[in-house]
>>> print(open('upload_9.cif').read())   # mmCIF, C-alpha atoms
data_data
#
loop_
_atom_site.label_atom_id
_atom_site.label_comp_id
_atom_site.auth_asym_id
_atom_site.auth_seq_id
_atom_site.Cartn_x
_atom_site.Cartn_y
_atom_site.Cartn_z
CA MET J 1 -92.46 -9.20 -51.83
CA PHE J 2 -88.77 -9.96 -51.22
CA ASP J 3 -86.11 -7.30 -50.49
CA ILE J 4 -82.96 -8.50 -52.28
CA ALA J 5 -80.70 -5.93 -50.57
CA TYR J 6 -81.48 -6.93 -47.00
CA GLY J 7 -82.98 -10.40 -47.32
CA ILE J 8 -86.29 -9.36 -45.68
CA GLU J 9 -89.50 -10.89 -46.96
CA TYR J 10 -92.75 -8.97 -46.50
CA THR J 11 -95.92 -11.07 -46.75
CA GLU J 12 -99.53 -10.77 -45.76
CA GLY J 13 -100.07 -11.64 -42.11
CA MET J 14 -96.31 -11.70 -41.35
CA ARG J 15 -95.43 -11.75 -37.65
CA THR J 16 -93.78 -8.70 -36.09
CA THR J 17 -90.00 -8.75 -36.53
CA ASP J 18 -87.55 -7.57 -33.87
CA THR J 19 -85.74 -5.00 -36.00
CA ARG J 20 -83.13 -4.46 -33.28
CA ARG J 21 -81.36 -7.54 -34.63
CA LEU J 22 -80.92 -5.91 -38.02
CA SER J 23 -78.08 -3.65 -39.04
CA PRO J 24 -78.58 0.11 -38.60
CA GLU J 25 -78.78 0.48 -42.39
CA ALA J 26 -81.53 -2.15 -42.67
CA GLN J 27 -83.49 -0.55 -39.83
CA GLU J 28 -83.26 2.84 -41.51
CA GLU J 29 -84.43 1.39 -44.84
CA ILE J 30 -87.51 -0.21 -43.22
CA ARG J 31 -88.46 3.03 -41.48
CA LEU J 32 -88.18 5.03 -44.71
CA ARG J 33 -90.18 2.47 -46.74
CA VAL J 34 -92.95 2.26 -44.12
CA VAL J 35 -93.38 6.04 -43.95
CA SER J 36 -93.22 6.32 -47.75
CA ALA J 37 -95.89 3.63 -48.18
CA ILE J 38 -98.23 5.29 -45.68
CA ARG J 39 -97.77 8.66 -47.39
CA GLN J 40 -98.80 7.01 -50.68
CA GLY J 41 -102.04 5.81 -49.12
CA MET J 42 -101.28 2.47 -47.46
CA GLY J 43 -103.08 1.97 -44.13
CA LYS J 44 -101.08 1.65 -40.93
CA SER J 45 -102.39 -1.85 -40.17
CA GLU J 46 -101.59 -2.95 -43.73
CA ALA J 47 -98.07 -1.50 -43.44
CA ALA J 48 -97.55 -3.28 -40.11
CA ARG J 49 -98.53 -6.63 -41.65
CA ARG J 50 -96.62 -6.15 -44.87
CA PHE J 51 -93.35 -4.90 -43.39
CA GLY J 52 -93.47 -7.06 -40.23
CA VAL J 53 -93.25 -4.18 -37.74
CA SER J 54 -95.46 -3.08 -34.85
CA ARG J 55 -98.12 -0.38 -35.11
CA THR J 56 -96.49 1.35 -32.11
CA SER J 57 -93.24 1.71 -34.03
CA ILE J 58 -95.11 3.11 -37.03
CA TYR J 59 -96.82 5.75 -34.91
CA ASN J 60 -93.46 6.73 -33.35
CA TRP J 61 -91.86 7.10 -36.78
CA LEU J 62 -94.72 9.21 -38.11
CA ASN J 63 -94.60 11.48 -35.06
CA LYS J 64 -90.88 12.00 -35.58
CA VAL J 65 -91.45 12.94 -39.22
CA GLU J 66 -94.28 15.32 -38.36
CA SER J 67 -92.20 17.05 -35.65
CA GLY J 68 -89.08 17.25 -37.74
CA SER J 69 -88.29 15.76 -41.09
CA VAL J 70 -87.51 12.50 -42.80
CA ARG J 71 -83.95 12.88 -41.47
CA ALA J 72 -85.32 12.01 -38.02
CA LEU J 73 -85.57 8.41 -39.27
CA LYS J 74 -81.85 8.20 -40.03
CA SER J 75 -79.89 5.68 -37.94
CA LYS J 76 -77.75 7.18 -35.23
CA LYS J 77 -74.43 5.95 -33.89
CA ARG J 78 -74.92 3.29 -31.25
CA GLY J 79 -73.18 3.02 -27.88
CA PRO J 80 -72.42 5.54 -25.16
CA LYS J 81 -72.01 9.16 -26.10
CA PRO J 82 -68.39 10.33 -26.32
CA GLY J 83 -66.98 12.30 -23.43
CA SER J 84 -67.66 12.05 -19.73
CA PRO J 85 -69.92 14.08 -17.43
CA LEU J 86 -67.03 14.03 -14.93
CA LYS J 87 -64.67 16.96 -15.45
CA GLY J 88 -60.90 16.60 -15.34
CA HIS J 89 -60.35 18.30 -11.98
CA GLN J 90 -63.17 16.22 -10.48
CA ALA J 91 -61.60 12.99 -11.72
CA ALA J 92 -58.22 14.05 -10.28
CA LEU J 93 -59.86 14.75 -6.91
CA VAL J 94 -61.50 11.31 -6.87
CA VAL J 95 -58.19 9.57 -7.70
CA ARG J 96 -56.38 11.44 -4.88
CA THR J 97 -59.18 10.58 -2.48
CA VAL J 98 -59.08 6.86 -3.34
CA THR J 99 -55.27 6.61 -3.15
CA ASP J 100 -54.75 8.76 -0.05
CA HIS J 101 -57.71 7.91 2.19
CA CYS J 102 -59.84 5.00 3.35
CA PRO J 103 -63.63 5.33 2.97
CA ASP J 104 -64.25 5.19 6.73
CA GLN J 105 -61.88 8.16 7.21
CA LEU J 106 -64.35 10.17 5.11
CA LYS J 107 -67.33 8.98 7.19
CA MET J 108 -68.50 6.84 4.28
CA PRO J 109 -70.44 3.59 4.95
CA PHE J 110 -67.65 1.47 3.43
CA VAL J 111 -64.39 -0.08 4.62
CA LEU J 112 -62.85 -0.75 1.19
CA TRP J 113 -62.81 1.20 -2.05
CA THR J 114 -65.27 -0.68 -4.25
CA ARG J 115 -67.27 0.39 -7.30
CA GLU J 116 -70.19 1.08 -4.98
CA ALA J 117 -67.99 3.27 -2.77
CA VAL J 118 -66.81 5.32 -5.78
CA GLN J 119 -70.42 5.56 -6.96
CA TRP J 120 -71.38 6.91 -3.51
CA LEU J 121 -68.46 9.38 -3.56
CA LEU J 122 -69.42 10.78 -6.97
CA ARG J 123 -72.99 11.29 -5.85
CA ASP J 124 -71.99 12.89 -2.53
CA ARG J 125 -69.25 15.20 -3.86
CA PHE J 126 -70.51 16.15 -7.33
CA GLU J 127 -74.20 15.16 -7.30
CA LEU J 128 -73.33 12.86 -10.21
CA SER J 129 -75.37 9.66 -10.37
CA VAL J 130 -73.70 6.81 -12.29
CA SER J 131 -74.12 3.04 -12.38
CA VAL J 132 -71.65 0.68 -10.72
CA TRP J 133 -70.51 -0.37 -14.22
CA THR J 134 -69.72 3.25 -15.10
CA ALA J 135 -67.86 3.62 -11.80
CA GLY J 136 -65.87 0.52 -12.73
CA ARG J 137 -65.01 1.96 -16.15
CA TYR J 138 -63.83 5.17 -14.47
CA LEU J 139 -61.56 3.19 -12.13
CA GLN J 140 -60.11 1.22 -15.04
CA ARG J 141 -59.53 4.42 -17.04
CA TRP J 142 -57.72 5.98 -14.06
CA GLY J 143 -55.39 2.98 -13.75
CA LEU J 144 -56.90 1.77 -10.44
CA THR J 145 -57.22 -2.00 -10.03
CA PRO J 146 -58.77 -4.16 -7.27
CA GLN J 147 -56.07 -5.40 -4.87
CA LYS J 148 -55.87 -7.10 -1.51
CA PRO J 149 -55.11 -4.28 0.95
CA LEU J 150 -52.49 -4.32 3.68
CA ARG J 151 -53.65 -3.89 7.26
CA ARG J 152 -52.21 -0.88 9.09
CA ALA J 153 -52.87 -0.04 12.73
CA TYR J 154 -54.56 3.22 13.68
CA GLU J 155 -51.90 3.62 16.39
CA ARG J 156 -49.09 3.80 13.83
CA ASP J 157 -47.37 7.18 14.04
CA PRO J 158 -46.38 8.39 10.53
CA VAL J 159 -44.01 10.99 11.99
CA LYS J 160 -42.00 8.31 13.82
CA VAL J 161 -42.02 6.11 10.71
CA GLN J 162 -40.67 8.96 8.59
CA ARG J 163 -37.98 9.72 11.19
CA TRP J 164 -36.97 6.06 11.18
CA LEU J 165 -36.68 5.99 7.39
CA THR J 166 -34.83 9.29 6.97
CA GLN J 167 -32.77 9.59 10.15
CA GLU J 168 -32.59 6.64 12.51
CA TYR J 169 -31.99 3.74 10.13
CA PRO J 170 -29.52 5.67 7.90
CA ALA J 171 -27.53 6.44 11.08
CA ILE J 172 -27.52 2.73 12.01
CA ALA J 173 -26.38 1.82 8.49
CA ARG J 174 -23.51 4.34 8.66
CA ARG J 175 -22.42 2.97 12.04
CA ALA J 176 -22.48 -0.58 10.72
CA LYS J 177 -20.27 0.40 7.81
CA ARG J 178 -17.90 2.37 10.02
CA GLU J 179 -17.59 -0.36 12.68
CA LYS J 180 -17.74 -3.26 10.18
CA ALA J 181 -20.80 -4.61 11.97
CA GLU J 182 -23.68 -6.68 10.56
CA ILE J 183 -27.27 -5.44 10.63
CA HIS J 184 -29.66 -8.28 11.47
CA TRP J 185 -33.44 -7.94 11.28
CA GLY J 186 -35.16 -10.22 13.77
CA ASP J 187 -38.64 -11.48 14.57
CA GLN J 188 -40.45 -14.46 16.08
CA MET J 189 -43.64 -16.21 15.10
CA GLY J 190 -45.78 -19.22 15.93
CA VAL J 191 -47.00 -21.80 13.41
CA ARG J 192 -49.86 -24.27 13.69
CA SER J 193 -50.55 -27.59 12.04
CA ASP J 194 -53.99 -26.49 10.78
CA HIS J 195 -52.63 -23.61 8.69
CA HIS J 196 -53.16 -24.10 4.95
CA ALA J 197 -52.26 -21.96 1.95
CA GLY J 198 -52.75 -22.10 -1.79
CA ARG J 199 -55.50 -23.59 -3.95
CA SER J 200 -56.28 -27.01 -5.41
CA TYR J 201 -58.05 -27.84 -8.66
CA GLY J 202 -61.41 -29.59 -8.55
CA ARG J 203 -64.69 -29.86 -10.42
CA ARG J 204 -66.71 -26.67 -10.67
CA GLY J 205 -69.03 -26.32 -7.69
CA GLN J 206 -67.30 -29.14 -5.77
CA THR J 207 -64.78 -27.86 -3.22
CA PRO J 208 -61.68 -30.10 -3.09
CA VAL J 209 -61.06 -31.89 0.22
CA ILE J 210 -57.61 -32.57 1.67
CA ARG J 211 -56.98 -35.16 4.37
CA ALA J 212 -55.07 -34.00 7.45
CA THR J 213 -54.84 -34.84 11.12
CA GLY J 214 -57.61 -33.55 13.37
CA LYS J 215 -55.08 -32.85 16.12
CA ARG J 216 -53.86 -29.33 16.59
CA PHE J 217 -50.30 -28.60 17.56
CA GLY J 218 -47.68 -26.02 16.84
CA CYS J 219 -44.24 -24.63 17.51
CA ASN J 220 -42.42 -21.30 17.44
CA MET J 221 -39.56 -19.84 15.48
CA MET J 222 -37.08 -17.01 16.09
CA SER J 223 -35.00 -15.77 13.16
CA THR J 224 -32.80 -12.99 11.82
CA ILE J 225 -31.81 -12.09 8.27
CA THR J 226 -29.37 -9.64 6.66
CA ASN J 227 -29.45 -7.87 3.31
CA ARG J 228 -26.39 -9.91 2.30
CA GLY J 229 -28.40 -13.13 2.46
CA THR J 230 -27.51 -14.44 5.93
CA LEU J 231 -30.23 -16.36 7.80
CA ARG J 232 -30.14 -17.51 11.44
CA PHE J 233 -33.03 -19.33 13.12
CA MET J 234 -34.07 -21.33 16.16
CA ILE J 235 -37.17 -23.53 16.52
CA PHE J 236 -38.71 -24.15 19.94
CA ARG J 237 -41.96 -25.40 21.47
CA LYS J 238 -42.07 -23.50 24.73
CA ARG J 239 -43.65 -20.08 25.08
CA PHE J 240 -41.55 -17.16 23.88
CA ASN J 241 -40.03 -15.53 26.99
CA THR J 242 -36.81 -13.90 28.13
CA SER J 243 -35.03 -17.24 28.58
CA VAL J 244 -35.74 -18.20 24.99
CA MET J 245 -34.71 -14.74 23.81
CA LEU J 246 -31.38 -14.90 25.63
CA ASP J 247 -30.77 -18.41 24.31
CA PHE J 248 -31.26 -17.19 20.76
CA LEU J 249 -29.06 -14.10 21.26
CA SER J 250 -26.28 -16.29 22.66
CA ARG J 251 -26.42 -18.52 19.60
CA LEU J 252 -26.53 -15.53 17.29
CA ILE J 253 -23.37 -13.82 18.56
CA ARG J 254 -21.51 -17.15 18.55
CA SER J 255 -22.44 -17.72 14.88
CA VAL J 256 -20.96 -14.48 13.52
CA ASN J 257 -17.50 -12.95 13.53
CA HIS J 258 -18.66 -9.32 13.63
CA LYS J 259 -20.60 -7.11 15.94
CA VAL J 260 -24.36 -7.46 15.45
CA LEU J 261 -26.74 -4.51 15.27
CA LEU J 262 -30.05 -6.26 15.81
CA ILE J 263 -33.27 -4.50 14.76
CA LEU J 264 -36.50 -5.78 16.34
CA ASP J 265 -40.09 -4.75 16.92
CA ASN J 266 -41.35 -3.63 20.33
CA HIS J 267 -42.42 -6.98 21.73
CA PRO J 268 -42.34 -6.84 25.57
CA VAL J 269 -39.77 -9.65 25.71
CA HIS J 270 -37.40 -7.70 23.46
CA ARG J 271 -37.50 -4.76 25.89
CA ALA J 272 -37.45 -6.82 29.10
CA ALA J 273 -35.07 -5.58 31.80
CA ARG J 274 -33.30 -8.93 31.95
CA VAL J 275 -32.62 -8.83 28.20
CA LYS J 276 -31.37 -5.23 28.34
CA LYS J 277 -28.99 -6.11 31.18
CA TRP J 278 -27.66 -9.13 29.29
CA VAL J 279 -27.09 -7.08 26.11
CA SER J 280 -25.43 -4.18 27.95
CA ALA J 281 -22.84 -6.62 29.31
CA ARG J 282 -21.97 -7.59 25.71
CA ILE J 283 -22.09 -4.18 24.09
CA ARG J 284 -19.04 -4.93 21.93
CA GLN J 285 -20.78 -7.93 20.42
CA LEU J 286 -24.40 -6.90 20.23
CA GLU J 287 -26.66 -3.85 20.16
CA MET J 288 -30.43 -3.78 19.84
CA HIS J 289 -32.49 -1.16 18.00
CA PHE J 290 -36.25 -0.96 17.74
CA LEU J 291 -38.65 -0.20 14.92
CA PRO J 292 -41.46 2.33 15.33
CA ASP J 293 -44.54 0.96 17.06
CA TYR J 294 -47.14 -0.87 14.96
CA SER J 295 -44.95 -0.94 11.85
CA PRO J 296 -44.33 -4.62 10.99
CA GLU J 297 -44.22 -3.80 7.27
CA LEU J 298 -40.83 -2.13 7.86
CA ASN J 299 -39.24 -5.41 8.99
CA PRO J 300 -37.82 -7.60 6.18
CA ASP J 301 -37.91 -10.65 8.49
CA GLU J 302 -41.72 -10.54 8.24
CA LEU J 303 -41.33 -11.64 4.61
CA LEU J 304 -39.36 -14.69 5.72
CA ASN J 305 -42.20 -15.47 8.14
CA GLN J 306 -44.76 -15.27 5.33
CA ASP J 307 -42.61 -17.46 3.10
CA VAL J 308 -42.23 -20.11 5.80
CA LYS J 309 -45.92 -20.12 6.74
CA THR J 310 -46.95 -20.51 3.12
CA ASN J 311 -44.42 -23.01 1.81
CA ALA J 312 -43.09 -24.93 4.83
CA VAL J 313 -46.41 -25.17 6.69
CA GLY J 314 -49.37 -24.16 4.51
CA ARG J 315 -48.55 -26.48 1.58
CA ARG J 316 -47.55 -29.52 3.65
CA ASN J 317 -49.46 -31.79 6.00
CA ALA J 318 -47.69 -32.61 9.26
CA ALA J 319 -49.14 -35.52 11.24
CA THR J 320 -47.05 -34.97 14.37
CA PRO J 321 -45.25 -32.09 16.14
CA GLN J 322 -41.94 -33.70 15.20
CA GLU J 323 -42.89 -33.72 11.52
CA LEU J 324 -43.96 -30.07 11.69
CA GLU J 325 -40.62 -29.07 13.21
CA GLY J 326 -38.80 -31.21 10.65
CA ASN J 327 -40.58 -29.45 7.79
CA LEU J 328 -39.61 -26.08 9.24
CA ARG J 329 -35.95 -26.99 9.74
CA SER J 330 -35.67 -28.52 6.29
CA TYR J 331 -37.14 -25.47 4.59
CA LEU J 332 -35.10 -22.98 6.60
CA ARG J 333 -31.85 -24.88 6.05
CA SER J 334 -32.46 -25.01 2.29
CA THR J 335 -33.16 -21.25 2.39
CA GLN J 336 -29.88 -20.69 4.28
CA LYS J 337 -28.07 -22.26 1.34
CA ARG J 338 -29.73 -19.79 -1.06
CA PRO J 339 -28.60 -16.28 -0.03
CA ASP J 340 -30.23 -14.93 -3.19
CA ILE J 341 -33.67 -15.89 -1.81
CA VAL J 342 -32.98 -14.03 1.43
CA ARG J 343 -31.71 -10.97 -0.45
CA ASN J 344 -34.88 -10.96 -2.53
CA TYR J 345 -36.94 -10.29 0.61
CA PHE J 346 -35.34 -6.84 0.68
CA HIS J 347 -36.70 -6.03 -2.79
CA GLU J 348 -40.26 -5.66 -1.50
CA GLU J 349 -41.41 -2.05 -1.67
CA HIS J 350 -41.87 -1.39 2.07
CA VAL J 351 -38.45 -2.78 3.07
CA ALA J 352 -36.39 -1.71 0.05
CA TYR J 353 -34.86 1.05 2.21
CA ALA J 354 -32.99 -1.70 4.13
CA ALA J 355 -31.43 -3.27 1.03
CA LEU J 356 -28.32 -1.05 1.15
#
>>> encode(input="upload_9.cif", output="structure tokens")
Amino acid sequence: MFDIAYGIEYTEGMRTTDTRRLSPEAQEEIRLRVVSAIRQGMGKSEAARRFGVSRTSIYNWLNKVESGSVRALKSKKRGPKPGSPLKGHQAALVVRTVTDHCPDQLKMPFVLWTREAVQWLLRDRFELSVSVWTAGRYLQRWGLTPQKPLRRAYERDPVKVQRWLTQEYPAIARRAKREKAEIHWGDQMGVRSDHHAGRSYGRRGQTPVIRATGKRFGCNMMSTITNRGTLRFMIFRKRFNTSVMLDFLSRLIRSVNHKVLLILDNHPVHRAARVKKWVSARIRQLEMHFLPDYSPELNPDELLNQDVKTNAVGRRNAATPQELEGNLRSYLRSTQKRPDIVRNYFHEEHVAYAAL
């Protein structure tokens, strides 16, 4: 026998067919025909052979009919049931928890917010057990995406940070405008020849190899930038100490025609007695101010450091210390000629307060 509507042939001794591959309508039609045939006297084994279904399925269908009606054989809508077992206020609490806290702050066995961490949170807070895939769908629905987190020290004092943002820096900015001074943001960093950044294409499963010197060497850099696009820098090989600091400060005040209000982090060299004495003798040319402890993200000059490490060092191979220094100078000098690049550092969210 051949079913013209669904293209299903029923023959004696036909192998069992996986009806899950059929459309819901075709599955429903088979169920109805099997039950109808058995009610008219066909044996279950005969029906299984003729319609190409398993005896187990036939028994299940008959039980459904006996416990309810023929409507129990109707196809139902596939896929997950509409709605969510998580209530609105519960979802809002989870979102606030994920955005405002780290898992380890809540004594959870995780460092980062992952699908597994959210799964654990739902089970612990609401006794709601979901799969990691469901947790991932929740996160997507709430507008939360996986991102590389910033590192922030435990010792960072949020009260001091808030005072800096709302009181201390605005006062410095007003003074600079009143005294026609320039605000410079300064920092120092070290670079090494074995630092690499970026990715390279290669065959799947075969990690690309780059050739570089096996020798390790490095140098240091001190720099300042302003929100108007000014960049000053000095490259040196010796260890960063008070002599180097004073050398840089001397060059800085000679390179500008205005008083400099220099903002730095709390490196011991910046606060050294010898440096303070030198600056106090030149108070009409230079003043130093200091960021809150453990708050490097508030310093726009950190973005210059990241730029230099990535593009002047990480994407180039230097075979000698002289070549490394040359790459740094070349990149920094080209950046000096592009004030728009320097100004763009101040557009990053954490330092946007310093853009004005």
>>> resolve_selection(input="upload_9.cif", expression="the PyMOL selection byres ((chain J and resi 222) around 12)", output="PyMOL selection string")
chain J and resi 185-191+219-221+223-225+231-241+244-249+251-252+264+270+301-302+304-305+308+328-329+332
>>> resolve_selection(input="upload_9.cif", expression="the PyMOL selection byres ((chain J and resi 167-171) around 12)", output="JSON, numbers by chain")
{"J": [159, 160, 161, 162, 163, 164, 165, 166, 172, 173, 174, 175, 176, 177, 178, 183, 185, 261, 262, 263, 289, 290, 291, 292, 298, 299, 351, 353, 354, 355, 356]}
>>> closest_residue(input="upload_9.cif", among="J:Pro109, J:Pro149, J:Gly205, J:Pro321", to="Gly218 of chain J", atoms="all atoms listed in the file")
J:Pro321
>>> closest_residue(input="upload_9.cif", among="J:Arg271, J:Arg31, J:His195, J:Arg21", to="Arg316 of chain J", atoms="all atoms listed in the file")
J:His195
>>> residues_around(input="upload_9.cif", residues="Ala37 of chain J", least_positions_apart="3", cutoff="12 Å", atoms="all atoms listed in the file", output="list in words")
Ile30, Arg31, Leu32, Arg33, Val34, Gln40, Gly41, Met42, Gly43, Lys44, Ser45, Glu46, Ala47, Ala48, Arg50, Phe51, Ile58 and Leu62 of chain J
>>> residues_around(input="upload_9.cif", residues="Leu128 of chain J", least_positions_apart="2", cutoff="12 Å", atoms="all atoms listed in the file", output="VMD selection string")
chain J and resid 84 to 87 90 to 91 118 to 126 130 to 131 134 to 135
>>> write_last_selection(input="upload_9.cif", atoms="C-alpha atoms", output="mmCIF file, keeping the file's coordinate frame")
data_model
loop_
_atom_site.group_PDB
_atom_site.id
_atom_site.type_symbol
_atom_site.label_atom_id
_atom_site.label_comp_id
_atom_site.auth_asym_id
_atom_site.auth_seq_id
_atom_site.Cartn_x
_atom_site.Cartn_y
_atom_site.Cartn_z
ATOM 1 C CA SER J 84 -67.660 12.050 -19.730
ATOM 2 C CA PRO J 85 -69.920 14.080 -17.430
ATOM 3 C CA LEU J 86 -67.030 14.030 -14.930
ATOM 4 C CA LYS J 87 -64.670 16.960 -15.450
ATOM 5 C CA GLN J 90 -63.170 16.220 -10.480
ATOM 6 C CA ALA J 91 -61.600 12.990 -11.720
ATOM 7 C CA VAL J 118 -66.810 5.320 -5.780
ATOM 8 C CA GLN J 119 -70.420 5.560 -6.960
ATOM 9 C CA TRP J 120 -71.380 6.910 -3.510
ATOM 10 C CA LEU J 121 -68.460 9.380 -3.560
ATOM 11 C CA LEU J 122 -69.420 10.780 -6.970
ATOM 12 C CA ARG J 123 -72.990 11.290 -5.850
ATOM 13 C CA ASP J 124 -71.990 12.890 -2.530
ATOM 14 C CA ARG J 125 -69.250 15.200 -3.860
ATOM 15 C CA PHE J 126 -70.510 16.150 -7.330
ATOM 16 C CA VAL J 130 -73.700 6.810 -12.290
ATOM 17 C CA SER J 131 -74.120 3.040 -12.380
ATOM 18 C CA THR J 134 -69.720 3.250 -15.100
ATOM 19 C CA ALA J 135 -67.860 3.620 -11.800
#
>>> closest_residue(input="upload_9.cif", among="J:Thr335, J:Ser36, J:Asn317, J:Gln322", to="Ser193 of chain J", atoms="all atoms listed in the file")
J:Asn317
>>> closest_residue(input="upload_9.cif", among="J:Lys215, J:Lys74, J:Arg151, J:Arg282", to="Glu25 of chain J", atoms="all atoms listed in the file")
J:Lys74
>>> atom_distance(input="upload_9.cif", atom1="atom CA of Ala153 of chain J", atom2="atom CA of Ser295 of chain J")
8.0 Å
>>> atom_distance(input="upload_9.cif", atom1="atom CA of Leu73 of chain J", atom2="atom CA of Glu29 of chain J")
9.0 Å
>>> atom_distance(input="upload_9.cif", atom1="atom CA of Thr310 of chain J", atom2="atom CA of Thr99 of chain J")
29.1 Å
>>> closest_residue(input="upload_9.cif", among="J:Val95, J:Gln105, J:Asp194, J:Gly88", to="Thr145 of chain J", atoms="all atoms listed in the file")
J:Val95
>>> closest_residue(input="upload_9.cif", among="J:Phe217, J:His347, J:His267, J:Val256", to="Glu325 of chain J", atoms="all atoms listed in the file")
J:Phe217
>>> resolve_selection(input="upload_9.cif", expression="the PyMOL selection byres ((chain J and resi 339-344) around 7)", output="PDB file with C-alpha atoms, in the coordinates of the input")
ATOM      1  CA  ASN J 227     -29.450  -7.870   3.310  1.00  0.00           C
ATOM      2  CA  ARG J 228     -26.390  -9.910   2.300  1.00  0.00           C
ATOM      3  CA  GLY J 229     -28.400 -13.130   2.460  1.00  0.00           C
ATOM      4  CA  THR J 230     -27.510 -14.440   5.930  1.00  0.00           C
ATOM      5  CA  THR J 335     -33.160 -21.250   2.390  1.00  0.00           C
ATOM      6  CA  GLN J 336     -29.880 -20.690   4.280  1.00  0.00           C
ATOM      7  CA  LYS J 337     -28.070 -22.260   1.340  1.00  0.00           C
ATOM      8  CA  ARG J 338     -29.730 -19.790  -1.060  1.00  0.00           C
ATOM      9  CA  TYR J 345     -36.940 -10.290   0.610  1.00  0.00           C
ATOM     10  CA  PHE J 346     -35.340  -6.840   0.680  1.00  0.00           C
ATOM     11  CA  HIS J 347     -36.700  -6.030  -2.790  1.00  0.00           C
TER      12      HIS J 347
END
>>> residues_near_point(input="upload_9.cif", point="(-58.4, 6.4, -0.5)", cutoff="12 Å", atoms="all atoms listed in the file", output="PyMOL selection string")
chain J and resi 93-106+108+110-114+117-118+121+144+149
>>> decode(input="upload_9.cif", residues="segment 208-248 of chain J", atoms="C-alpha atoms", output="mmCIF file, in the first residue's frame")
data_model
loop_
_atom_site.group_PDB
_atom_site.id
_atom_site.type_symbol
_atom_site.label_atom_id
_atom_site.label_comp_id
_atom_site.auth_asym_id
_atom_site.auth_seq_id
_atom_site.Cartn_x
_atom_site.Cartn_y
_atom_site.Cartn_z
ATOM 1 C CA PRO J 208 51.966 29.687 13.325
ATOM 2 C CA VAL J 209 55.627 30.190 14.275
ATOM 3 C CA ILE J 210 57.436 33.533 14.112
ATOM 4 C CA ARG J 211 61.211 33.842 14.085
ATOM 5 C CA ALA J 212 62.766 36.187 16.636
ATOM 6 C CA THR J 213 65.990 36.543 18.570
ATOM 7 C CA GLY J 214 66.451 34.291 21.587
ATOM 8 C CA LYS J 215 68.147 37.128 23.474
ATOM 9 C CA ARG J 216 66.131 39.076 25.974
ATOM 10 C CA PHE J 217 66.632 42.775 26.431
ATOM 11 C CA GLY J 218 64.548 45.805 27.168
ATOM 12 C CA CYS J 219 64.359 49.496 27.888
ATOM 13 C CA ASN J 220 62.150 51.952 29.767
ATOM 14 C CA MET J 221 59.991 54.888 28.813
ATOM 15 C CA MET J 222 58.671 57.934 30.683
ATOM 16 C CA SER J 223 55.898 59.980 29.077
ATOM 17 C CA THR J 224 53.206 62.585 29.603
ATOM 18 C CA ILE J 225 50.133 63.453 27.543
ATOM 19 C CA THR J 226 47.496 66.201 27.615
ATOM 20 C CA ASN J 227 43.868 66.210 26.513
ATOM 21 C CA ARG J 228 44.836 68.694 23.790
ATOM 22 C CA GLY J 229 47.017 66.086 22.092
ATOM 23 C CA THR J 230 50.480 66.968 23.425
ATOM 24 C CA LEU J 231 52.913 64.075 23.962
ATOM 25 C CA ARG J 232 56.312 64.225 25.687
ATOM 26 C CA PHE J 233 58.522 61.169 26.195
ATOM 27 C CA MET J 234 61.991 59.989 27.157
ATOM 28 C CA ILE J 235 63.510 56.537 26.524
ATOM 29 C CA PHE J 236 66.246 55.194 28.790
ATOM 30 C CA ARG J 237 67.924 51.891 29.654
ATOM 31 C CA LYS J 238 68.906 52.435 33.261
ATOM 32 C CA ARG J 239 66.641 51.629 36.174
ATOM 33 C CA PHE J 240 63.938 54.182 36.920
ATOM 34 C CA ASN J 241 65.146 56.248 39.898
ATOM 35 C CA THR J 242 65.109 59.817 41.164
ATOM 36 C CA SER J 243 67.911 60.907 38.816
ATOM 37 C CA VAL J 244 65.959 59.719 35.798
ATOM 38 C CA MET J 245 62.800 61.344 37.149
ATOM 39 C CA LEU J 246 64.497 64.709 37.628
ATOM 40 C CA ASP J 247 66.057 64.474 34.167
ATOM 41 C CA PHE J 248 62.631 63.956 32.630
#
